[in-house]
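Participant: Sharing structure-v3.cif, mmCIF, C-alpha atoms:
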data_upload
loop_
_atom_site.label_atom_id
_atom_site.label_comp_id
_atom_site.auth_asym_id
_atom_site.auth_seq_id
_atom_site.Cartn_x
_atom_site.Cartn_y
_atom_site.Cartn_z
CA MET A 1 4.04 35.16 211.55
CA ALA A 2 2.52 35.85 208.12
CA LYS A 3 2.12 39.55 208.96
CA GLN A 4 5.73 40.52 209.54
CA PHE A 5 7.69 38.25 207.22
CA LYS A 6 8.13 38.11 203.44
CA PRO A 7 7.56 34.87 201.47
CA GLU A 8 11.27 33.94 201.38
CA THR A 9 11.41 34.01 205.18
CA LEU A 10 8.11 32.15 205.54
CA CYS A 11 9.44 29.34 203.31
CA VAL A 12 12.22 28.76 205.81
CA GLN A 13 10.69 29.77 209.14
CA ALA A 14 6.87 29.43 209.13
CA GLY A 15 4.85 26.57 210.60
CA TRP A 16 7.27 25.20 213.20
CA THR A 17 8.48 27.45 216.03
CA PRO A 18 10.42 25.34 218.53
CA LYS A 19 10.47 26.28 222.20
CA LYS A 20 13.42 25.93 224.58
CA GLY A 21 15.08 22.54 224.20
CA GLU A 22 12.84 21.40 221.31
CA PRO A 23 14.32 20.16 218.00
CA ARG A 24 15.20 22.99 215.60
CA VAL A 25 14.09 20.91 212.62
CA LEU A 26 10.42 19.96 212.34
CA PRO A 27 10.14 16.46 213.85
CA ILE A 28 8.33 13.57 212.17
CA TYR A 29 5.53 12.57 214.54
CA GLN A 30 5.39 9.06 213.14
CA SER A 31 2.61 7.96 215.46
CA THR A 32 -0.98 7.09 214.70
CA THR A 33 -2.13 7.94 218.19
CA PHE A 34 -1.60 10.31 221.15
CA LYS A 35 -1.91 9.68 224.90
CA TYR A 36 -4.17 11.44 227.41
CA GLU A 37 -4.49 11.27 231.20
CA THR A 38 -8.26 11.05 231.55
CA SER A 39 -11.27 9.86 229.62
CA GLU A 40 -12.74 13.38 229.93
CA GLN A 41 -9.79 14.93 228.05
CA MET A 42 -10.32 12.53 225.16
CA ALA A 43 -14.08 13.15 225.14
CA ARG A 44 -13.53 16.91 224.76
CA LEU A 45 -11.33 16.30 221.71
CA PHE A 46 -13.94 14.07 220.11
CA ASP A 47 -16.60 16.76 220.65
CA LEU A 48 -14.33 19.42 219.03
CA GLU A 49 -14.55 21.36 222.30
CA GLU A 50 -10.78 21.75 222.46
CA SER A 51 -7.98 21.33 219.97
CA GLY A 52 -5.37 18.62 220.23
CA TYR A 53 -4.19 15.41 218.70
CA PHE A 54 -5.73 12.01 219.19
CA TYR A 55 -5.53 10.18 215.88
CA THR A 56 -3.35 10.98 212.85
CA ARG A 57 -6.20 10.41 210.37
CA LEU A 58 -7.65 13.69 211.67
CA GLN A 59 -4.59 15.70 212.59
CA ASN A 60 -0.88 15.24 213.20
CA PRO A 61 1.64 17.83 214.49
CA THR A 62 4.02 17.36 211.52
CA ASN A 63 1.19 17.75 209.02
CA ASP A 64 -0.27 20.76 210.82
CA ALA A 65 3.07 22.59 210.89
CA VAL A 66 3.48 22.15 207.13
CA ALA A 67 -0.13 23.12 206.43
CA ALA A 68 0.43 26.24 208.56
CA LYS A 69 3.52 27.12 206.49
CA ILE A 70 1.59 26.85 203.22
CA ALA A 71 -1.31 28.86 204.69
CA ALA A 72 1.15 31.58 205.74
CA LEU A 73 2.68 31.63 202.23
CA GLU A 74 -0.77 32.03 200.64
CA GLY A 75 -1.93 34.55 203.25
CA GLY A 76 -4.76 32.32 204.44
CA VAL A 77 -6.15 31.60 207.91
CA ALA A 78 -5.71 27.82 207.87
CA GLY A 79 -4.69 24.87 205.72
CA MET A 80 -5.13 21.12 205.58
CA LEU A 81 -2.80 18.61 203.93
CA THR A 82 -4.17 15.73 201.89
CA SER A 83 -2.63 12.59 200.40
CA SER A 84 -2.65 14.02 196.86
CA GLY A 85 -3.62 17.05 194.80
CA GLN A 86 -6.63 15.11 193.54
CA ALA A 87 -7.80 14.55 197.13
CA ALA A 88 -7.41 18.29 197.80
CA ASN A 89 -9.58 19.15 194.78
CA PHE A 90 -12.20 16.59 195.76
CA TYR A 91 -12.37 17.74 199.39
CA ALA A 92 -12.43 21.43 198.42
CA ILE A 93 -15.61 20.89 196.39
CA PHE A 94 -17.20 18.12 198.46
CA ASN A 95 -16.86 20.23 201.62
CA ILE A 96 -19.59 22.57 200.29
CA CYS A 97 -21.40 20.43 197.69
CA GLN A 98 -23.66 17.43 198.21
CA ALA A 99 -25.92 15.29 196.01
CA GLY A 100 -28.23 17.58 194.03
CA ASP A 101 -25.73 20.47 193.98
CA HIS A 102 -23.87 22.00 191.05
CA PHE A 103 -20.66 23.96 190.47
CA VAL A 104 -19.07 25.80 187.55
CA CYS A 105 -15.50 25.08 186.46
CA SER A 106 -13.01 26.37 183.93
CA SER A 107 -12.60 23.80 181.15
CA ALA A 108 -8.84 24.48 181.07
CA ILE A 109 -7.81 22.24 183.95
CA TYR A 110 -5.65 19.15 184.55
CA GLY A 111 -7.06 16.03 182.85
CA GLY A 112 -7.34 14.13 186.14
CA THR A 113 -9.36 16.94 187.71
CA PHE A 114 -11.54 17.20 184.58
CA ASN A 115 -12.37 13.50 184.97
CA LEU A 116 -12.88 13.75 188.76
CA PHE A 117 -15.35 16.62 188.35
CA GLY A 118 -17.07 15.54 185.14
CA VAL A 119 -17.32 11.76 185.66
CA THR A 120 -16.69 10.64 189.25
CA MET A 121 -18.44 13.45 191.15
CA LYS A 122 -21.40 13.09 188.81
CA LYS A 123 -21.81 9.57 190.26
CA LEU A 124 -22.09 11.22 193.70
CA GLY A 125 -24.93 13.40 192.39
CA ILE A 126 -22.85 16.59 192.01
CA GLU A 127 -23.10 18.19 188.56
CA VAL A 128 -20.53 20.46 186.93
CA THR A 129 -20.70 22.84 183.99
CA PHE A 130 -17.39 23.51 182.23
CA VAL A 131 -16.86 26.99 180.78
CA SER A 132 -14.03 28.47 178.74
CA PRO A 133 -11.89 30.63 181.05
CA ASP A 134 -11.69 33.16 178.22
CA ALA A 135 -15.47 33.43 177.89
CA SER A 136 -17.18 36.72 178.76
CA GLU A 137 -18.58 37.38 182.23
CA GLU A 138 -22.10 37.06 180.77
CA GLU A 139 -21.37 33.63 179.27
CA ILE A 140 -19.80 32.31 182.46
CA SER A 141 -22.63 33.75 184.58
CA ALA A 142 -25.16 32.00 182.33
CA ALA A 143 -23.77 28.64 183.51
CA PHE A 144 -24.87 29.33 187.11
CA ARG A 145 -28.01 27.73 188.53
CA PRO A 146 -29.93 28.23 191.79
CA ASN A 147 -28.10 25.16 193.20
CA THR A 148 -24.58 26.30 192.13
CA LYS A 149 -22.20 26.27 195.11
CA ALA A 150 -18.74 27.17 193.76
CA LEU A 151 -16.61 28.39 190.84
CA PHE A 152 -13.30 26.61 190.17
CA GLY A 153 -10.24 27.35 188.01
CA GLU A 154 -6.47 26.83 187.74
CA THR A 155 -4.14 29.86 187.95
CA ILE A 156 -2.07 28.38 185.10
CA SER A 157 -3.78 25.36 183.56
CA ASN A 158 -2.00 22.03 183.21
CA PRO A 159 -0.99 21.32 180.45
CA SER A 160 -2.59 24.01 178.25
CA LEU A 161 -0.94 26.85 180.25
CA GLU A 162 -3.90 29.22 180.03
CA VAL A 163 -3.76 32.03 182.60
CA LEU A 164 -6.89 32.54 184.69
CA ASP A 165 -8.28 36.05 185.04
CA ILE A 166 -8.66 35.66 188.80
CA GLU A 167 -10.35 39.03 189.39
CA LYS A 168 -12.94 38.31 186.70
CA PHE A 169 -13.65 34.85 188.11
CA ALA A 170 -13.87 36.23 191.67
CA ARG A 171 -16.30 38.93 190.55
CA ILE A 172 -18.55 36.35 188.88
CA ALA A 173 -18.44 33.94 191.85
CA HIS A 174 -19.22 36.64 194.40
CA SER A 175 -22.06 38.11 192.31
CA HIS A 176 -23.68 34.64 192.64
CA GLY A 177 -22.90 34.32 196.36
CA VAL A 178 -20.43 31.46 196.01
CA PRO A 179 -16.67 31.11 196.68
CA LEU A 180 -13.96 31.05 194.03
CA ILE A 181 -11.66 28.03 194.44
CA VAL A 182 -8.32 28.33 192.64
CA ASP A 183 -5.73 25.62 192.01
CA ASN A 184 -2.45 27.53 192.37
CA THR A 185 -0.09 24.55 191.80
CA PHE A 186 1.98 25.87 188.88
CA PRO A 187 2.87 29.43 190.00
CA THR A 188 2.97 28.57 193.73
CA PRO A 189 2.48 31.42 196.25
CA ILE A 190 6.01 32.60 195.38
CA ASN A 191 4.75 33.85 192.00
CA CYS A 192 1.01 34.32 192.57
CA ARG A 193 -1.23 34.78 195.60
CA PRO A 194 -4.84 34.34 194.44
CA PHE A 195 -6.32 35.60 197.74
CA GLU A 196 -4.96 39.06 196.90
CA TRP A 197 -7.11 39.04 193.74
CA GLY A 198 -10.36 37.87 195.37
CA ALA A 199 -10.10 34.07 195.46
CA ASP A 200 -11.56 32.45 198.60
CA ILE A 201 -10.00 28.99 198.71
CA VAL A 202 -6.72 27.79 197.20
CA VAL A 203 -5.72 24.19 196.46
CA HIS A 204 -2.33 22.73 195.57
CA SER A 205 -0.85 19.56 194.31
CA THR A 206 2.17 19.80 196.61
CA THR A 207 3.66 16.95 194.54
CA LYS A 208 4.85 19.59 192.07
CA TYR A 209 7.05 22.62 192.82
CA MET A 210 6.38 22.68 196.57
CA ASP A 211 7.98 19.25 197.06
CA GLY A 212 10.14 20.01 194.02
CA HIS A 213 12.13 16.78 194.00
CA ALA A 214 9.57 14.15 192.97
CA THR A 215 9.70 12.39 196.33
CA SER A 216 6.16 12.67 197.71
CA VAL A 217 2.62 12.84 196.37
CA GLY A 218 0.51 15.31 198.32
CA GLY A 219 -2.06 18.09 198.32
CA CYS A 220 -3.17 21.06 200.37
CA ILE A 221 -6.30 23.18 200.81
CA VAL A 222 -5.95 26.73 202.16
CA ASP A 223 -8.87 28.91 203.26
CA SER A 224 -8.60 32.71 203.07
CA GLY A 225 -11.16 33.04 205.87
CA LYS A 226 -12.78 35.85 203.85
CA PHE A 227 -15.90 34.20 202.44
CA ASP A 228 -19.00 34.95 204.52
CA TRP A 229 -20.76 31.57 204.63
CA ASP A 230 -23.51 32.83 206.95
CA ALA A 231 -24.45 35.58 204.48
CA HIS A 232 -25.44 32.75 202.10
CA ALA A 233 -26.51 30.27 204.78
CA ASP A 234 -29.24 28.71 202.62
CA LYS A 235 -26.59 27.66 200.07
CA PHE A 236 -24.20 26.11 202.62
CA PRO A 237 -26.20 24.07 205.14
CA GLY A 238 -23.16 21.87 205.86
CA LEU A 239 -21.36 24.86 207.37
CA CYS A 240 -24.29 26.91 208.66
CA THR A 241 -26.65 24.33 210.20
CA PRO A 242 -26.04 21.85 213.05
CA ASP A 243 -23.91 18.77 212.30
CA GLU A 244 -25.63 15.83 214.00
CA SER A 245 -22.43 13.78 213.90
CA TYR A 246 -20.96 16.33 216.36
CA HIS A 247 -23.91 16.78 218.76
CA GLY A 248 -25.48 19.54 216.70
CA LEU A 249 -22.42 21.81 216.52
CA THR A 250 -22.61 24.50 213.80
CA TYR A 251 -19.21 25.13 212.18
CA THR A 252 -19.63 28.84 211.40
CA LYS A 253 -20.86 29.58 214.94
CA ALA A 254 -18.25 27.43 216.69
CA PHE A 255 -15.21 28.20 214.53
CA GLY A 256 -15.83 31.51 212.70
CA LYS A 257 -13.20 32.05 210.01
CA MET A 258 -11.91 28.51 210.60
CA ALA A 259 -15.29 26.91 209.78
CA TYR A 260 -14.45 25.61 206.30
CA ILE A 261 -11.12 23.94 207.18
CA THR A 262 -12.48 22.61 210.49
CA LYS A 263 -15.36 20.92 208.67
CA ALA A 264 -13.01 19.54 206.01
CA THR A 265 -10.83 18.05 208.75
CA ALA A 266 -13.39 16.96 211.32
CA GLN A 267 -15.91 15.57 208.83
CA LEU A 268 -14.36 14.74 205.45
CA MET A 269 -10.96 13.59 206.71
CA ARG A 270 -12.66 11.66 209.50
CA ASP A 271 -14.87 9.80 207.01
CA LEU A 272 -12.77 9.58 203.83
CA GLY A 273 -9.27 9.54 205.31
CA SER A 274 -7.06 10.83 202.48
CA ILE A 275 -4.32 11.91 204.87
CA GLN A 276 -0.78 12.97 204.14
CA SER A 277 1.72 10.71 205.92
CA PRO A 278 3.93 12.55 208.45
CA GLN A 279 7.04 11.25 206.64
CA ASN A 280 5.83 12.81 203.36
CA SER A 281 4.95 16.07 205.14
CA PHE A 282 8.51 16.20 206.46
CA LEU A 283 9.89 15.81 202.91
CA LEU A 284 7.44 18.42 201.63
CA ASN A 285 8.67 20.84 204.30
CA LEU A 286 12.27 20.39 203.09
CA GLY A 287 11.10 21.26 199.59
CA LEU A 288 9.25 24.35 200.82
CA GLU A 289 12.44 25.66 202.46
CA THR A 290 14.01 26.24 199.02
CA LEU A 291 10.85 27.01 197.02
CA HIS A 292 11.70 30.73 196.87
CA LEU A 293 15.13 29.91 195.39
CA ARG A 294 13.95 27.31 192.90
CA MET A 295 10.98 29.15 191.36
CA PRO A 296 13.01 32.07 189.92
CA GLN A 297 15.49 29.58 188.43
CA HIS A 298 12.71 27.49 186.85
CA CYS A 299 11.22 30.67 185.35
CA LYS A 300 14.56 32.03 184.11
CA ASN A 301 15.40 28.70 182.44
CA ALA A 302 11.91 28.31 180.95
CA GLN A 303 12.07 31.82 179.50
CA ALA A 304 15.39 30.99 177.78
CA VAL A 305 14.02 27.67 176.44
CA ALA A 306 10.78 29.31 175.22
CA GLU A 307 12.73 32.02 173.41
CA TYR A 308 14.98 29.41 171.77
CA LEU A 309 11.98 27.31 170.63
CA SER A 310 10.10 30.34 169.29
CA LYS A 311 13.03 31.08 166.93
CA ASN A 312 13.51 27.46 165.75
CA ASP A 313 12.08 26.69 162.29
CA LYS A 314 11.27 23.05 163.22
CA VAL A 315 8.84 24.28 165.89
CA ALA A 316 5.25 24.94 164.79
CA TRP A 317 4.13 26.86 167.88
CA VAL A 318 5.20 27.68 171.45
CA ASN A 319 2.94 28.47 174.39
CA TYR A 320 4.57 30.23 177.35
CA CYS A 321 3.00 33.27 178.98
CA GLY A 322 6.44 34.86 179.45
CA LEU A 323 6.75 35.44 175.68
CA PRO A 324 5.57 38.97 174.74
CA GLY A 325 3.47 37.73 171.81
CA ASN A 326 1.61 35.17 173.95
CA LYS A 327 -2.18 35.37 174.26
CA TYR A 328 -1.84 35.42 178.08
CA TYR A 329 1.20 37.70 178.34
CA GLU A 330 -0.77 40.69 179.71
CA LEU A 331 -2.67 38.62 182.29
CA ALA A 332 0.57 36.95 183.37
CA GLN A 333 2.24 40.37 183.82
CA LYS A 334 -0.70 41.43 185.98
CA TYR A 335 -0.96 38.37 188.23
CA MET A 336 2.62 37.02 188.04
CA PRO A 337 5.00 39.91 187.34
CA ASN A 338 8.01 37.99 188.71
CA GLY A 339 7.48 34.91 186.52
CA SER A 340 4.90 32.20 186.06
CA CYS A 341 6.33 28.68 186.19
CA GLY A 342 8.85 26.42 184.44
CA VAL A 343 6.37 24.56 182.23
CA ILE A 344 6.23 25.22 178.49
CA SER A 345 4.09 23.60 175.82
CA PHE A 346 4.95 23.47 172.16
CA GLY A 347 4.29 21.53 168.96
CA LEU A 348 6.60 20.46 166.15
CA LYS A 349 5.99 20.75 162.42
CA GLY A 350 4.88 17.28 161.32
CA GLY A 351 2.50 16.74 164.25
CA ARG A 352 2.05 13.88 166.66
CA GLU A 353 4.48 11.34 165.19
CA ILE A 354 7.36 13.81 164.97
CA SER A 355 6.64 14.95 168.55
CA ILE A 356 7.00 11.38 169.82
CA LYS A 357 10.24 10.83 167.86
CA PHE A 358 11.64 14.09 169.30
CA MET A 359 10.82 13.02 172.85
CA ASP A 360 12.40 9.61 172.38
CA SER A 361 15.62 11.36 171.26
CA LEU A 362 16.02 13.52 174.37
CA LYS A 363 18.86 12.53 176.70
CA LEU A 364 18.90 15.04 179.57
CA ALA A 365 15.11 15.47 179.74
CA ALA A 366 13.32 12.35 180.96
CA ILE A 367 9.93 11.08 179.79
CA VAL A 368 8.00 10.84 183.05
CA THR A 369 4.43 11.34 184.27
CA HIS A 370 5.47 14.30 186.30
CA VAL A 371 5.94 18.01 186.01
CA ALA A 372 7.41 20.84 188.09
CA ASP A 373 10.47 18.98 189.32
CA ALA A 374 14.11 20.06 189.87
CA ARG A 375 14.93 17.82 186.88
CA THR A 376 13.81 18.66 183.34
CA CYS A 377 11.06 16.31 182.20
CA VAL A 378 8.77 15.89 179.22
CA LEU A 379 5.40 14.35 178.43
CA HIS A 380 3.05 13.98 175.45
CA PRO A 381 -0.39 14.42 177.08
CA ALA A 382 -2.41 13.09 174.11
CA SER A 383 -0.69 9.72 174.34
CA HIS A 384 -0.02 9.74 178.12
CA THR A 385 -2.04 11.64 180.75
CA HIS A 386 -5.01 12.47 178.49
CA ARG A 387 -5.08 9.31 176.38
CA GLN A 388 -8.62 8.46 177.55
CA LEU A 389 -9.93 11.60 175.81
CA SER A 390 -11.06 11.78 172.16
CA ASP A 391 -9.46 14.42 169.89
CA GLU A 392 -12.60 16.54 170.39
CA GLN A 393 -12.34 16.26 174.20
CA LEU A 394 -8.60 16.95 174.00
CA LEU A 395 -9.24 20.28 172.30
CA GLU A 396 -12.00 21.11 174.81
CA ALA A 397 -9.46 20.55 177.61
CA GLY A 398 -7.02 22.82 175.73
CA VAL A 399 -4.72 19.98 174.68
CA ARG A 400 -3.70 19.81 171.02
CA PRO A 401 -2.86 16.30 169.76
CA ASP A 402 0.71 17.49 168.98
CA LEU A 403 1.23 19.24 172.35
CA ILE A 404 4.51 18.47 174.11
CA ARG A 405 4.57 19.46 177.79
CA PHE A 406 8.13 20.40 178.66
CA SER A 407 8.87 21.01 182.33
CA VAL A 408 12.11 22.97 182.56
CA GLY A 409 14.24 22.07 185.57
CA ILE A 410 16.90 23.97 187.48
CA GLU A 411 19.90 22.61 185.55
CA ASN A 412 22.00 24.95 183.39
CA ALA A 413 19.78 26.45 180.68
CA ASP A 414 22.47 26.00 177.97
CA ASP A 415 22.59 22.25 178.69
CA ILE A 416 18.79 21.97 178.45
CA ILE A 417 18.74 23.86 175.14
CA ALA A 418 21.59 21.72 173.77
CA ASP A 419 19.58 18.61 174.56
CA ILE A 420 16.53 20.01 172.75
CA GLU A 421 18.71 20.95 169.77
CA GLN A 422 20.24 17.48 169.38
CA ALA A 423 16.77 15.87 169.68
CA LEU A 424 15.32 18.22 167.03
CA ASN A 425 18.22 17.36 164.71
CA ALA A 426 17.66 13.65 165.33
#
Show how you would write the structure in this file as structure tokens.
Facilitator:
Amino acid sequence: MAKQFKPETLCVQAGWTPKKGEPRVLPIYQSTTFKYETSEQMARLFDLEESGYFYTRLQNPTNDAVAAKIAALEGGVAGMLTSSGQAANFYAIFNICQAGDHFVCSSAIYGGTFNLFGVTMKKLGIEVTFVSPDASEEEISAAFRPNTKALFGETISNPSLEVLDIEKFARIAHSHGVPLIVDNTFPTPINCRPFEWGADIVVHSTTKYMDGHATSVGGCIVDSGKFDWDAHADKFPGLCTPDESYHGLTYTKAFGKMAYITKATAQLMRDLGSIQSPQNSFLLNLGLETLHLRMPQHCKNAQAVAEYLSKNDKVAWVNYCGLPGNKYYELAQKYMPNGSCGVISFGLKGGREISIKFMDSLKLAAIVTHVADARTCVLHPASHTHRQLSDEQLLEAGVRPDLIRFSVGIENADDIIADIEQALNA
């Protein structure tokens, strides 16, 4: 389906193709288990000798249809839903890294991911080196070690809104024989398709624009199917050598381009179980059906708000890659010519205290721990999401102490700006 249809059509049509007499709308398979006629049929499923459903922790028809839709949107070969964006990030790395391994990561990433990679995965024996996404190819390459297994970055970083030079990162990763994993949550495949620029694996927090209505936490991993694991077999024994927990099956030999996602499903999901619930997948699918309509509106509104803020004398600075003077304007034009996302960051003259007073005065925009929602929302990362970080760590993660993260919704732009104006005056 991905070949003949454009993204707008895929949003509505991909993933679920009903046959004669089947429901037109994707059904919720709200069942943990699936029936078979013989013991032999079940045995073949457990040996991965044929595909089918037997237990929702591994796979579920509702989940698979939605994962297939997201994979089609990204132009990948396969996808897997997870219970959250954090789970997707963890699985994406853990699928190819084990104790004693190392990976390199852009320092401009979401605070939760920064902590997952830098603190929690370290406890599992997996080391990470953080590099500035703006560093030179030589500097980033210098962070690689013989045991480095991946390079990771965010298309648009949350909340610092730095734009990743995907081609540069892909070049570096491939020169070291490892895949580039890109978190494409903020632009979504409507505005950016990292596989077209050399990325190998894409992850999403589907909680954000894909769901779009703040109803369901979720994540997704999509594999491009392009990375040649066997060409670097010594680096990826998990994919290229027999898995004893499946009678010595080798993923690359048995599943070809589907090796990475099959291992993530059959091994990691089997053992760690961070599944998306079918009910949440159903809600996510409803969100995906209008993603192509909502993203242009978010971007149009955010552009208007960013332009208003950049002309206001109470505002110290504005960061939005749609503004011509922005540091990332050129990169954004290259990778996201139709718009980036609806998230803006800015600071007010007077710093942290004034920022908090401004936020408390907003009426339309709600203070919530969320972003990329149909409704306009606002957050002060230094005192909310990133409050565990010192001022030094905040700056390393690209978060100024006065940074206000403003997620522009799909309301009328004039109403959003009026709300900002009254709060600035207050």
Participant: Box in all listed atoms of stretch 333-348 of chain A, axis-aligned, with 5 Å more on each side; write out centre and edge lengths in Å to one decimal as JSON.
Facilitator:
{"center_x": 3.9, "center_y": 30.9, "center_z": 177.4, "size_x": 19.8, "size_y": 31.0, "size_z": 32.6}
Participant: For the structure shown, which residues end up in the PyMOL selection byres ((chain A and resi 14) around 9)? Put them as a ChimeraX atom specification, please?
Facilitator: /A:1-2,9-13,15-17,65-66,68-70,72-73
Participant: Take the residues from that selection and write them out as a PDB file, in the coordinates of the input, keeping C-alpha atoms.
Facilitator:
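again25.pdb written:
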ATOM      1  CA  MET A   1       4.040  35.160 211.550  1.00  0.00           C
ATOM      2  CA  ALA A   2       2.520  35.850 208.120  1.00  0.00           C
ATOM      3  CA  THR A   9      11.410  34.010 205.180  1.00  0.00           C
ATOM      4  CA  LEU A  10       8.110  32.150 205.540  1.00  0.00           C
ATOM      5  CA  CYS A  11       9.440  29.340 203.310  1.00  0.00           C
ATOM      6  CA  VAL A  12      12.220  28.760 205.810  1.00  0.00           C
ATOM      7  CA  GLN A  13      10.690  29.770 209.140  1.00  0.00           C
ATOM      8  CA  GLY A  15       4.850  26.570 210.600  1.00  0.00           C
ATOM      9  CA  TRP A  16       7.270  25.200 213.200  1.00  0.00           C
ATOM     10  CA  THR A  17       8.480  27.450 216.030  1.00  0.00           C
ATOM     11  CA  ALA A  65       3.070  22.590 210.890  1.00  0.00           C
ATOM     12  CA  VAL A  66       3.480  22.150 207.130  1.00  0.00           C
ATOM     13  CA  ALA A  68       0.430  26.240 208.560  1.00  0.00           C
ATOM     14  CA  LYS A  69       3.520  27.120 206.490  1.00  0.00           C
ATOM     15  CA  ILE A  70       1.590  26.850 203.220  1.00  0.00           C
ATOM     16  CA  ALA A  72       1.150  31.580 205.740  1.00  0.00           C
ATOM     17  CA  LEU A  73       2.680  31.630 202.230  1.00  0.00           C
TER      18      LEU A  73
END
Participant: Here's the selection I'm unsure about, the PyMOL selection byres ((chain A and resi 43-58) around 8); applied to the file above, which residues does it give, as an MDAnalysis selection string?
Facilitator: chainID A and resid 31:35 39:42 59:61 246:247 265:266 269:270 273:275
Participant: Starting from the PyMOL selection byres ((chain A and resi 420) around 10), expand the selection into actual residues of this file and give them as a ChimeraX atom specification.
Facilitator: /A:305,308-309,358-359,361-365,414-419,421-426
Participant: How many Å separate atom CA of A:Val203 from atom CA of A:Ile221?
Facilitator: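 For atom CA of A:Val203 relative to atom CA of A:Ile221, the distance reads 4.5 Å.
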Participant: Kindly indicate which residue among A:Gly100, A:Ala142, A:Gly219, A:Tyr328 lies nearest to A:Ser277, using only C-alpha atoms for the distances.
Facilitator: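 The shortest atom-to-atom distance to A:Ser277 comes from A:Gly219.
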Participant: Please provide as JSON, numbers by chain all residues within 6 Å of stretch 84-94 of chain A, with the sequence filter that same-chain residues fewer than 4 positions apart are discarded (counting all atoms listed in the file).
Facilitator: {"A": [204, 205, 217, 218, 219, 220, 221]}
Participant: List the spatial neighbours of A:Val222 as a tab-separated table (two decimals) with C-alpha atoms, in the coordinates of the input - criterion: any atom at most 6 Å away, all atoms listed in the file, same-chain residues fewer than 3 positions off excluded.
Facilitator:
chain	number	residue	atom	x	y	z
A	71	ALA	CA	-1.31	28.86	204.69
A	78	ALA	CA	-5.71	27.82	207.87
A	79	GLY	CA	-4.69	24.87	205.72
A	201	ILE	CA	-10.00	28.99	198.71
A	202	VAL	CA	-6.72	27.79	197.20
Participant: How many Å separate atom CA of A:Ser216 from atom CA of A:Ile181?
Facilitator: 23.8 Å
Participant: Counting only C-alpha atoms, which residues of stretch 245-336 of chain A fall within 12 Å of stretch 191-198 of chain A, and what is the closest atom pair for each with its distance in Å at one decimal, ordered by chain and rising number, as JSON lines?
Facilitator:
{"residue": "A:Leu291", "atom": "CA", "partner": "A:Asn191", "partner_atom": "CA", "distance": 10.4}
{"residue": "A:His292", "atom": "CA", "partner": "A:Asn191", "partner_atom": "CA", "distance": 9.0}
{"residue": "A:Leu293", "atom": "CA", "partner": "A:Asn191", "partner_atom": "CA", "distance": 11.6}
{"residue": "A:Arg294", "atom": "CA", "partner": "A:Asn191", "partner_atom": "CA", "distance": 11.3}
{"residue": "A:Met295", "atom": "CA", "partner": "A:Asn191", "partner_atom": "CA", "distance": 7.8}
{"residue": "A:Pro296", "atom": "CA", "partner": "A:Asn191", "partner_atom": "CA", "distance": 8.7}
{"residue": "A:His298", "atom": "CA", "partner": "A:Asn191", "partner_atom": "CA", "distance": 11.4}
{"residue": "A:Cys299", "atom": "CA", "partner": "A:Asn191", "partner_atom": "CA", "distance": 9.8}
{"residue": "A:Leu331", "atom": "CA", "partner": "A:Cys192", "partner_atom": "CA", "distance": 11.7}
{"residue": "A:Ala332", "atom": "CA", "partner": "A:Cys192", "partner_atom": "CA", "distance": 9.6}
{"residue": "A:Gln333", "atom": "CA", "partner": "A:Cys192", "partner_atom": "CA", "distance": 10.7}
{"residue": "A:Lys334", "atom": "CA", "partner": "A:Cys192", "partner_atom": "CA", "distance": 9.8}
{"residue": "A:Tyr335", "atom": "CA", "partner": "A:Cys192", "partner_atom": "CA", "distance": 6.3}
{"residue": "A:Met336", "atom": "CA", "partner": "A:Asn191", "partner_atom": "CA", "distance": 5.5}
Participant: Show me, as a Markdown table, the residues of stretch 48-111 of chain A having an atom within 12 Å of stretch 370-394 of chain A, each with the closest atom pair and its distance in Å, using only C-alpha atoms.
Facilitator:
| residue | atom | partner | partner_atom | distance |
| --- | --- | --- | --- | --- |
| A:Ser107 | CA | A:Gln393 | CA | 10.3 |
| A:Ala108 | CA | A:Leu394 | CA | 10.3 |
| A:Ile109 | CA | A:Leu394 | CA | 11.3 |
| A:Tyr110 | CA | A:His386 | CA | 9.0 |
| A:Gly111 | CA | A:His386 | CA | 6.0 |
Participant: Give me, please, the distance in Å between atom CA of A:Gly325 and atom CA of A:Leu161, quoted to one decimal.
Facilitator: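 Separation of atom CA of A:Gly325 and atom CA of A:Leu161: 14.5 Å.
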Participant: Counting only C-alpha atoms, which residue out of A:Glu411, A:Glu353, A:Asp211, A:Asp183 sits closest to A:Gly153?
Facilitator: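 Residue with the minimum atom-to-atom distance to A:Gly153: A:Asp183.
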Participant: Please list as a list in words every residue within 9 Å of A:Ile344, counting all atoms listed in the file and excluding residues in the same chain fewer than 5 positions away.
Facilitator: Pro159, Ser160, Leu161, Ala302, Gln303, Val305, Ala306, Val318, Asn319, Tyr320, Cys321, Ile404, Arg405, Phe406, Ser407 and Val408 of chain A
Participant: Restrict the selected residues to C-alpha atoms and save them as an mmCIF file, in the coordinates of the input.
Facilitator:
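Output file out.cif is given in full below:
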data_model
loop_
_atom_site.group_PDB
_atom_site.id
_atom_site.type_symbol
_atom_site.label_atom_id
_atom_site.label_comp_id
_atom_site.auth_asym_id
_atom_site.auth_seq_id
_atom_site.Cartn_x
_atom_site.Cartn_y
_atom_site.Cartn_z
ATOM 1 C CA PRO A 159 -0.990 21.320 180.450
ATOM 2 C CA SER A 160 -2.590 24.010 178.250
ATOM 3 C CA LEU A 161 -0.940 26.850 180.250
ATOM 4 C CA ALA A 302 11.910 28.310 180.950
ATOM 5 C CA GLN A 303 12.070 31.820 179.500
ATOM 6 C CA VAL A 305 14.020 27.670 176.440
ATOM 7 C CA ALA A 306 10.780 29.310 175.220
ATOM 8 C CA VAL A 318 5.200 27.680 171.450
ATOM 9 C CA ASN A 319 2.940 28.470 174.390
ATOM 10 C CA TYR A 320 4.570 30.230 177.350
ATOM 11 C CA CYS A 321 3.000 33.270 178.980
ATOM 12 C CA ILE A 404 4.510 18.470 174.110
ATOM 13 C CA ARG A 405 4.570 19.460 177.790
ATOM 14 C CA PHE A 406 8.130 20.400 178.660
ATOM 15 C CA SER A 407 8.870 21.010 182.330
ATOM 16 C CA VAL A 408 12.110 22.970 182.560
#
